[in-house]
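The file target-v4.json comes next; it holds JSON, C-alpha atoms and all ligand atoms.
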[["chain", "number", "residue", "atom", "x", "y", "z"],
["A", 1, "MET", "CA", -17.33, -29.49, -8.73],
["A", 2, "SER", "CA", -14.87, -31.10, -6.31],
["A", 3, "ASN", "CA", -16.09, -33.98, -4.19],
["A", 4, "ASP", "CA", -14.53, -32.65, -0.98],
["A", 5, "GLY", "CA", -17.14, -29.94, -0.92],
["A", 6, "SER", "CA", -14.72, -27.07, -1.49],
["A", 7, "PRO", "CA", -15.57, -24.35, -3.97],
["A", 8, "GLN", "CA", -13.91, -24.76, -7.36],
["A", 9, "GLY", "CA", -10.22, -23.91, -7.39],
["A", 10, "SER", "CA", -9.95, -23.05, -3.69],
["A", 11, "SER", "CA", -8.32, -26.30, -2.61],
["A", 12, "GLN", "CA", -5.09, -25.40, -4.43],
["A", 13, "ALA", "CA", -2.53, -23.99, -2.02],
["A", 14, "PHE", "CA", -0.84, -20.74, -2.90],
["A", 15, "GLY", "CA", 2.80, -20.34, -1.91],
["A", 16, "TRP", "CA", 6.40, -20.19, -3.02],
["A", 17, "ARG", "CA", 7.24, -22.00, -6.25],
["A", 18, "PRO", "CA", 10.63, -22.66, -7.84],
["A", 19, "ASP", "CA", 9.78, -20.66, -10.96],
["A", 20, "LEU", "CA", 9.53, -17.52, -8.80],
["A", 21, "MET", "CA", 13.32, -17.59, -8.25],
["A", 22, "LEU", "CA", 14.75, -14.82, -10.42],
["A", 23, "GLY", "CA", 18.45, -15.36, -9.71],
["A", 24, "ILE", "CA", 19.14, -12.11, -7.82],
["A", 25, "ALA", "CA", 19.76, -13.29, -4.23],
["A", 26, "PRO", "CA", 18.48, -10.34, -2.12],
["A", 27, "MET", "CA", 15.48, -9.98, -4.42],
["A", 28, "ASP", "CA", 14.64, -13.69, -4.17],
["A", 29, "TYR", "CA", 14.99, -13.56, -0.39],
["A", 30, "GLN", "CA", 12.54, -10.65, -0.12],
["A", 31, "HIS", "CA", 10.17, -12.24, -2.62],
["A", 32, "ARG", "CA", 10.05, -15.38, -0.48],
["A", 33, "GLN", "CA", 9.02, -13.25, 2.50],
["A", 34, "LEU", "CA", 6.47, -11.40, 0.42],
["A", 35, "VAL", "CA", 4.95, -14.58, -1.01],
["A", 36, "ALA", "CA", 4.85, -16.11, 2.50],
["A", 37, "SER", "CA", 2.93, -13.07, 3.72],
["A", 38, "ALA", "CA", 0.59, -13.14, 0.70],
["A", 39, "ALA", "CA", 0.07, -16.88, 1.26],
["A", 40, "GLU", "CA", -0.85, -16.21, 4.89],
["A", 41, "LEU", "CA", -3.49, -13.70, 3.78],
["A", 42, "HIS", "CA", -4.67, -16.10, 1.08],
["A", 43, "PHE", "CA", -4.95, -18.82, 3.76],
["A", 44, "VAL", "CA", -6.93, -16.76, 6.30],
["A", 45, "VAL", "CA", -9.25, -15.56, 3.55],
["A", 46, "THR", "CA", -9.93, -19.01, 2.10],
["A", 47, "THR", "CA", -10.38, -20.64, 5.52],
["A", 48, "LYS", "CA", -12.87, -17.96, 6.53],
["A", 49, "ALA", "CA", -10.85, -16.83, 9.56],
["A", 50, "SER", "CA", -12.11, -14.00, 11.76],
["A", 51, "GLN", "CA", -12.22, -10.48, 10.38],
["A", 52, "HIS", "CA", -9.52, -9.56, 12.91],
["A", 53, "ASP", "CA", -7.13, -12.18, 11.46],
["A", 54, "VAL", "CA", -7.86, -11.14, 7.88],
["A", 55, "VAL", "CA", -7.25, -7.45, 8.67],
["A", 56, "LYS", "CA", -4.03, -8.31, 10.51],
["A", 57, "ALA", "CA", -2.73, -10.45, 7.63],
["A", 58, "THR", "CA", -3.60, -7.64, 5.20],
["A", 59, "ARG", "CA", -1.71, -5.08, 7.29],
["A", 60, "ASP", "CA", 1.31, -7.39, 7.51],
["A", 61, "LEU", "CA", 1.29, -7.86, 3.74],
["A", 62, "ILE", "CA", 1.04, -4.09, 3.16],
["A", 63, "GLU", "CA", 4.01, -3.49, 5.47],
["A", 64, "ILE", "CA", 6.24, -6.12, 3.88],
["A", 65, "THR", "CA", 5.20, -5.06, 0.38],
["A", 66, "ARG", "CA", 5.96, -1.41, 1.11],
["A", 67, "GLN", "CA", 9.43, -2.27, 2.43],
["A", 68, "HIS", "CA", 10.18, -4.49, -0.54],
["A", 69, "PHE", "CA", 8.95, -1.97, -3.11],
["A", 70, "ASP", "CA", 11.03, 0.81, -1.51],
["A", 71, "TRP", "CA", 14.12, -1.40, -1.68],
["A", 72, "GLU", "CA", 13.47, -2.46, -5.28],
["A", 73, "GLU", "CA", 12.78, 1.12, -6.42],
["A", 74, "GLN", "CA", 16.06, 2.29, -4.90],
["A", 75, "LEU", "CA", 17.85, -0.58, -6.65],
["A", 76, "MET", "CA", 16.30, 0.43, -9.99],
["A", 77, "LEU", "CA", 17.43, 4.03, -9.51],
["A", 78, "ASN", "CA", 20.94, 2.96, -8.52],
["A", 79, "GLU", "CA", 21.19, 0.70, -11.57],
["A", 80, "ARG", "CA", 19.64, 3.33, -13.90],
["A", 81, "TYR", "CA", 16.98, 0.87, -15.00],
["A", 82, "ASP", "CA", 15.11, 2.24, -18.00],
["A", 83, "GLY", "CA", 11.90, 0.46, -16.98],
["A", 84, "TYR", "CA", 11.80, 2.30, -13.64],
["A", 85, "ALA", "CA", 8.75, 4.50, -14.31],
["A", 86, "ALA", "CA", 6.50, 1.67, -15.51],
["A", 87, "HIS", "CA", 7.67, -0.65, -12.74],
["A", 88, "LYS", "CA", 7.11, 2.01, -10.06],
["A", 89, "GLU", "CA", 3.65, 2.66, -11.47],
["A", 90, "HIS", "CA", 2.88, -1.05, -11.08],
["A", 91, "HIS", "CA", 4.10, -0.96, -7.47],
["A", 92, "ASP", "CA", 2.02, 2.13, -6.69],
["A", 93, "ARG", "CA", -1.10, 0.57, -8.19],
["A", 94, "LEU", "CA", -0.67, -2.68, -6.27],
["A", 95, "LEU", "CA", -0.10, -0.90, -2.97],
["A", 96, "LYS", "CA", -3.09, 1.37, -3.57],
["A", 97, "GLN", "CA", -5.29, -1.67, -4.24],
["A", 98, "LEU", "CA", -4.04, -3.39, -1.09],
["A", 99, "VAL", "CA", -4.72, -0.31, 1.02],
["A", 100, "GLU", "CA", -8.23, -0.17, -0.48],
["A", 101, "VAL", "CA", -8.74, -3.83, 0.45],
["A", 102, "GLU", "CA", -7.64, -3.01, 4.00],
["A", 103, "SER", "CA", -10.16, -0.14, 4.22],
["A", 104, "GLU", "CA", -12.95, -2.32, 2.86],
["A", 105, "LEU", "CA", -12.09, -5.10, 5.31],
["A", 106, "GLU", "CA", -12.08, -2.65, 8.22],
["A", 107, "ALA", "CA", -15.45, -1.32, 7.13],
["A", 108, "GLY", "CA", -16.73, -4.91, 6.86],
["A", 109, "SER", "CA", -17.77, -4.30, 3.28],
["A", 110, "ILE", "CA", -15.54, -6.72, 1.39],
["A", 111, "GLY", "CA", -17.63, -8.39, -1.29],
["A", 112, "SER", "CA", -16.26, -11.87, -1.78],
["A", 113, "CYS", "CA", -13.44, -13.70, -0.02],
["A", 114, "GLN", "CA", -12.88, -15.84, -3.11],
["A", 115, "THR", "CA", -12.39, -12.70, -5.19],
["A", 116, "LEU", "CA", -9.93, -11.34, -2.64],
["A", 117, "ALA", "CA", -7.96, -14.61, -2.56],
["A", 118, "LEU", "CA", -7.75, -14.62, -6.35],
["A", 119, "PHE", "CA", -6.66, -10.98, -6.40],
["A", 120, "ILE", "CA", -3.80, -11.65, -3.94],
["A", 121, "GLU", "CA", -2.60, -14.66, -5.89],
["A", 122, "THR", "CA", -2.88, -12.99, -9.29],
["A", 123, "TRP", "CA", -1.10, -9.76, -8.44],
["A", 124, "THR", "CA", 1.73, -11.50, -6.62],
["A", 125, "LEU", "CA", 2.40, -13.98, -9.43],
["A", 126, "GLN", "CA", 1.93, -11.48, -12.25],
["A", 127, "HIS", "CA", 4.24, -8.94, -10.67],
["A", 128, "LEU", "CA", 7.02, -11.39, -9.93],
["A", 129, "LEU", "CA", 6.82, -13.39, -13.13],
["A", 130, "ILE", "CA", 6.47, -10.46, -15.53],
["A", 131, "VAL", "CA", 7.52, -7.11, -14.07],
["A", 132, "ASP", "CA", 10.20, -8.25, -11.61],
["A", 133, "LYS", "CA", 11.49, -10.86, -14.03],
["A", 134, "ALA", "CA", 12.21, -8.13, -16.59],
["A", 135, "LEU", "CA", 14.17, -6.22, -13.93],
["A", 136, "ALA", "CA", 16.12, -9.36, -12.94],
["A", 137, "LEU", "CA", 17.08, -9.97, -16.59],
["A", 138, "PHE", "CA", 18.28, -6.38, -16.89],
["A", 139, "LEU", "CA", 20.36, -6.71, -13.70],
["A", 140, "GLU", "CA", 21.87, -9.97, -14.89],
["A", 141, "LYS", "CA", 22.85, -8.41, -18.23],
["A", 142, "SER", "CA", 24.31, -5.27, -16.70],
["A", 143, "ARG", "CA", 26.35, -7.36, -14.25],
["A", 144, "MET", "CA", 27.77, -9.44, -17.08],
["A", 145, "LYS", "CA", 29.04, -6.23, -18.71],
["A", 146, "VAL", "CA", 31.04, -5.23, -15.59],
["B", 1, "FE", "FE", 8.64, -5.03, -8.36],
["B", 2, "FE", "FE", 9.81, -7.47, -6.32]]
Representation of the structure as structure tokens:
Amino acid sequence: MSNDGSPQGSSQAFGWRPDLMLGIAPMDYQHRQLVASAAELHFVVTTKASQHDVVKATRDLIEITRQHFDWEEQLMLNERYDGYAAHKEHHDRLLKQLVEVESELEAGSIGSCQTLALFIETWTLQHLLIVDKALALFLEKSRMKV
């Protein structure tokens, strides 16, 4: 139990970290924007902002995520990435979950803000550090062959 009265784990800020840089410039640029948007949602959720602010931050994150996923999927197709299907499935699942969160927030039926904050942080980090990292390694290798 922390002595500043905050619930366990919630005092740690979520945001951009150097290990999220994958070495592909346009991808890193978009990931920074995506993480900033996810961090904004994480912030409004953990500071118990108004429902209006939480819904707005969720919509912003959905928009930026959709744009980034579209771009990345086109890149994978252009580069004939063999992990395309699994990666796209991951994107689709994440977006579907985010849209569900938005619906639940609008209906005022979201269970726990702490759970939502953890979900945002986990999916962002897992996707970048595992799924996108594999794509970045593939791109790096295929560029070295050219
Ligand atoms: Fe991705
Ligand atoms: Fe990505």
With the cut-off set at 12 Å and counting only C-alpha atoms and all ligand atoms, tabulate each residue of chain A with an atom at most that distance from an atom of ligand FE 1 (chain B), showing the nearest atom pair and its distance in Å to one decimal, ordered by chain and increasing number, as CSV.
residue,atom,partner,partner_atom,distance
A:Leu22,CA,B:FE1,FE,11.7
A:Met27,CA,B:FE1,FE,9.3
A:Asp28,CA,B:FE1,FE,11.3
A:Gln30,CA,B:FE1,FE,10.7
A:His31,CA,B:FE1,FE,9.3
A:Leu34,CA,B:FE1,FE,11.1
A:Thr65,CA,B:FE1,FE,9.4
A:Arg66,CA,B:FE1,FE,10.5
A:Gln67,CA,B:FE1,FE,11.2
A:His68,CA,B:FE1,FE,8.0
A:Phe69,CA,B:FE1,FE,6.1
A:Asp70,CA,B:FE1,FE,9.3
A:Trp71,CA,B:FE1,FE,9.4
A:Glu72,CA,B:FE1,FE,6.3
A:Glu73,CA,B:FE1,FE,7.7
A:Gln74,CA,B:FE1,FE,11.0
A:Leu75,CA,B:FE1,FE,10.4
A:Met76,CA,B:FE1,FE,9.5
A:Gly83,CA,B:FE1,FE,10.7
A:Tyr84,CA,B:FE1,FE,9.6
A:Ala85,CA,B:FE1,FE,11.2
A:Ala86,CA,B:FE1,FE,10.0
A:His87,CA,B:FE1,FE,6.3
A:Lys88,CA,B:FE1,FE,7.4
A:Glu89,CA,B:FE1,FE,9.7
A:His90,CA,B:FE1,FE,7.5
A:His91,CA,B:FE1,FE,6.2
A:Asp92,CA,B:FE1,FE,9.9
A:Arg93,CA,B:FE1,FE,11.2
A:Leu94,CA,B:FE1,FE,9.8
A:Leu95,CA,B:FE1,FE,11.1
A:Trp123,CA,B:FE1,FE,10.8
A:Thr124,CA,B:FE1,FE,9.6
A:Leu125,CA,B:FE1,FE,11.0
A:Gln126,CA,B:FE1,FE,10.1
A:His127,CA,B:FE1,FE,6.3
A:Leu128,CA,B:FE1,FE,6.7
A:Leu129,CA,B:FE1,FE,9.8
A:Ile130,CA,B:FE1,FE,9.3
A:Val131,CA,B:FE1,FE,6.2
A:Asp132,CA,B:FE1,FE,4.8
A:Lys133,CA,B:FE1,FE,8.6
A:Ala134,CA,B:FE1,FE,9.5
A:Leu135,CA,B:FE1,FE,7.9
A:Ala136,CA,B:FE1,FE,9.8
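Picture a line from atom CA of A:Ile120 to atom CA of A:Leu41; it runs 8.0 Å.
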Rounded to one decimal, what separation in Å do you get between atom CA of A:Pro26 and atom CA of A:Leu61?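 Value for the atom CA of A:Pro26-atom CA of A:Leu61 distance: 18.3 Å.
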Would you please work out which residue, of A:Gln97, A:Thr46, A:Asn78, A:Gln51, is nearest to A:Thr115 when using only C-alpha atoms?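 That would be A:Thr46, the residue with the smallest distance to A:Thr115.
Among A:Glu63, A:Glu104, A:Glu79, A:Glu40, the residue with the shortest atom-to-atom distance to A:Glu121, counting only C-alpha atoms, is A:Glu40.
Taking atom CA of A:Leu77 and atom CA of A:Arg143 as the two end points, the separation is 15.2 Å.
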Among A:Val44, A:Met21, A:Val99, A:Ala13, A:Leu137 is approached most closely, using only C-alpha atoms, by A:Met21
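Residue nearest A:Ala36 within the list A:Asp82, A:Asp60, A:Glu140, A:Glu106: A:Asp60 [criterion: smallest interatomic distance, only C-alpha atoms].
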Residue with smallest distance to ligand FE 2 (chain B) - pool A:Asp19, A:Ala49, A:Gln33, A:Arg80, counting only C-alpha atoms and all ligand atoms: A:Gln33
Reconstructed N, CA and C atoms for stretch 88-118 of chain A, given as a PDB file, in the coordinates of the input:
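Saved result, selection_32.pdb, follows:
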ATOM      1  N   LYS A  88       7.565   1.274 -11.255  1.00  0.00           N
ATOM      2  CA  LYS A  88       7.110   2.010 -10.060  1.00  0.00           C
ATOM      3  C   LYS A  88       5.593   2.214 -10.116  1.00  0.00           C
ATOM      4  N   GLU A  89       5.089   2.458 -11.306  1.00  0.00           N
ATOM      5  CA  GLU A  89       3.650   2.660 -11.470  1.00  0.00           C
ATOM      6  C   GLU A  89       2.900   1.379 -11.062  1.00  0.00           C
ATOM      7  N   HIS A  90       3.470   0.241 -11.447  1.00  0.00           N
ATOM      8  CA  HIS A  90       2.880  -1.050 -11.080  1.00  0.00           C
ATOM      9  C   HIS A  90       2.880  -1.223  -9.569  1.00  0.00           C
ATOM     10  N   HIS A  91       4.015  -0.895  -8.933  1.00  0.00           N
ATOM     11  CA  HIS A  91       4.100  -0.960  -7.470  1.00  0.00           C
ATOM     12  C   HIS A  91       3.036  -0.082  -6.823  1.00  0.00           C
ATOM     13  N   ASP A  92       2.954   1.162  -7.301  1.00  0.00           N
ATOM     14  CA  ASP A  92       2.020   2.130  -6.690  1.00  0.00           C
ATOM     15  C   ASP A  92       0.577   1.627  -6.804  1.00  0.00           C
ATOM     16  N   ARG A  93       0.275   1.051  -7.975  1.00  0.00           N
ATOM     17  CA  ARG A  93      -1.100   0.570  -8.190  1.00  0.00           C
ATOM     18  C   ARG A  93      -1.416  -0.606  -7.260  1.00  0.00           C
ATOM     19  N   LEU A  94      -0.457  -1.514  -7.135  1.00  0.00           N
ATOM     20  CA  LEU A  94      -0.670  -2.680  -6.270  1.00  0.00           C
ATOM     21  C   LEU A  94      -0.852  -2.264  -4.812  1.00  0.00           C
ATOM     22  N   LEU A  95       0.002  -1.341  -4.362  1.00  0.00           N
ATOM     23  CA  LEU A  95      -0.100  -0.900  -2.970  1.00  0.00           C
ATOM     24  C   LEU A  95      -1.425  -0.179  -2.719  1.00  0.00           C
ATOM     25  N   LYS A  96      -1.833   0.634  -3.696  1.00  0.00           N
ATOM     26  CA  LYS A  96      -3.090   1.370  -3.570  1.00  0.00           C
ATOM     27  C   LYS A  96      -4.261   0.381  -3.450  1.00  0.00           C
ATOM     28  N   GLN A  97      -4.212  -0.668  -4.281  1.00  0.00           N
ATOM     29  CA  GLN A  97      -5.290  -1.670  -4.240  1.00  0.00           C
ATOM     30  C   GLN A  97      -5.302  -2.402  -2.898  1.00  0.00           C
ATOM     31  N   LEU A  98      -4.114  -2.695  -2.387  1.00  0.00           N
ATOM     32  CA  LEU A  98      -4.040  -3.390  -1.090  1.00  0.00           C
ATOM     33  C   LEU A  98      -4.581  -2.512   0.036  1.00  0.00           C
ATOM     34  N   VAL A  99      -4.235  -1.231  -0.013  1.00  0.00           N
ATOM     35  CA  VAL A  99      -4.720  -0.310   1.020  1.00  0.00           C
ATOM     36  C   VAL A  99      -6.247  -0.178   0.928  1.00  0.00           C
ATOM     37  N   GLU A 100      -6.773  -0.210  -0.298  1.00  0.00           N
ATOM     38  CA  GLU A 100      -8.230  -0.170  -0.480  1.00  0.00           C
ATOM     39  C   GLU A 100      -8.883  -1.414   0.111  1.00  0.00           C
ATOM     40  N   VAL A 101      -8.226  -2.568  -0.109  1.00  0.00           N
ATOM     41  CA  VAL A 101      -8.740  -3.830   0.450  1.00  0.00           C
ATOM     42  C   VAL A 101      -8.778  -3.723   1.976  1.00  0.00           C
ATOM     43  N   GLU A 102      -7.698  -3.166   2.549  1.00  0.00           N
ATOM     44  CA  GLU A 102      -7.640  -3.010   4.000  1.00  0.00           C
ATOM     45  C   GLU A 102      -8.802  -2.140   4.501  1.00  0.00           C
ATOM     46  N   SER A 103      -9.059  -1.029   3.812  1.00  0.00           N
ATOM     47  CA  SER A 103     -10.160  -0.140   4.220  1.00  0.00           C
ATOM     48  C   SER A 103     -11.499  -0.854   4.135  1.00  0.00           C
ATOM     49  N   GLU A 104     -11.681  -1.602   3.030  1.00  0.00           N
ATOM     50  CA  GLU A 104     -12.950  -2.320   2.860  1.00  0.00           C
ATOM     51  C   GLU A 104     -13.131  -3.387   3.933  1.00  0.00           C
ATOM     52  N   LEU A 105     -12.020  -4.064   4.268  1.00  0.00           N
ATOM     53  CA  LEU A 105     -12.090  -5.100   5.310  1.00  0.00           C
ATOM     54  C   LEU A 105     -12.453  -4.464   6.652  1.00  0.00           C
ATOM     55  N   GLU A 106     -11.812  -3.327   6.947  1.00  0.00           N
ATOM     56  CA  GLU A 106     -12.080  -2.650   8.220  1.00  0.00           C
ATOM     57  C   GLU A 106     -13.526  -2.187   8.305  1.00  0.00           C
ATOM     58  N   ALA A 107     -14.066  -1.791   7.153  1.00  0.00           N
ATOM     59  CA  ALA A 107     -15.450  -1.320   7.130  1.00  0.00           C
ATOM     60  C   ALA A 107     -16.428  -2.497   7.068  1.00  0.00           C
ATOM     61  N   GLY A 108     -15.883  -3.708   6.938  1.00  0.00           N
ATOM     62  CA  GLY A 108     -16.730  -4.910   6.860  1.00  0.00           C
ATOM     63  C   GLY A 108     -17.496  -5.002   5.567  1.00  0.00           C
ATOM     64  N   SER A 109     -16.988  -4.331   4.518  1.00  0.00           N
ATOM     65  CA  SER A 109     -17.770  -4.300   3.280  1.00  0.00           C
ATOM     66  C   SER A 109     -17.090  -5.041   2.122  1.00  0.00           C
ATOM     67  N   ILE A 110     -16.193  -5.983   2.473  1.00  0.00           N
ATOM     68  CA  ILE A 110     -15.540  -6.720   1.390  1.00  0.00           C
ATOM     69  C   ILE A 110     -16.568  -7.648   0.748  1.00  0.00           C
ATOM     70  N   GLY A 111     -16.604  -7.639  -0.589  1.00  0.00           N
ATOM     71  CA  GLY A 111     -17.630  -8.390  -1.290  1.00  0.00           C
ATOM     72  C   GLY A 111     -17.495  -9.894  -1.167  1.00  0.00           C
ATOM     73  N   SER A 112     -16.403 -10.419  -1.716  1.00  0.00           N
ATOM     74  CA  SER A 112     -16.260 -11.870  -1.780  1.00  0.00           C
ATOM     75  C   SER A 112     -14.854 -12.292  -1.376  1.00  0.00           C
ATOM     76  N   CYS A 113     -14.752 -13.219  -0.459  1.00  0.00           N
ATOM     77  CA  CYS A 113     -13.440 -13.700  -0.020  1.00  0.00           C
ATOM     78  C   CYS A 113     -12.729 -14.427  -1.143  1.00  0.00           C
ATOM     79  N   GLN A 114     -13.487 -15.123  -1.989  1.00  0.00           N
ATOM     80  CA  GLN A 114     -12.880 -15.840  -3.110  1.00  0.00           C
ATOM     81  C   GLN A 114     -12.243 -14.850  -4.068  1.00  0.00           C
ATOM     82  N   THR A 115     -12.919 -13.735  -4.301  1.00  0.00           N
ATOM     83  CA  THR A 115     -12.390 -12.700  -5.190  1.00  0.00           C
ATOM     84  C   THR A 115     -11.112 -12.122  -4.609  1.00  0.00           C
ATOM     85  N   LEU A 116     -11.105 -11.892  -3.301  1.00  0.00           N
ATOM     86  CA  LEU A 116      -9.930 -11.340  -2.640  1.00  0.00           C
ATOM     87  C   LEU A 116      -8.752 -12.315  -2.738  1.00  0.00           C
ATOM     88  N   ALA A 117      -9.011 -13.598  -2.496  1.00  0.00           N
ATOM     89  CA  ALA A 117      -7.960 -14.610  -2.560  1.00  0.00           C
ATOM     90  C   ALA A 117      -7.353 -14.658  -3.971  1.00  0.00           C
ATOM     91  N   LEU A 118      -8.216 -14.580  -4.968  1.00  0.00           N
ATOM     92  CA  LEU A 118      -7.750 -14.620  -6.350  1.00  0.00           C
ATOM     93  C   LEU A 118      -6.933 -13.379  -6.683  1.00  0.00           C
TER      94      LEU A 118
END
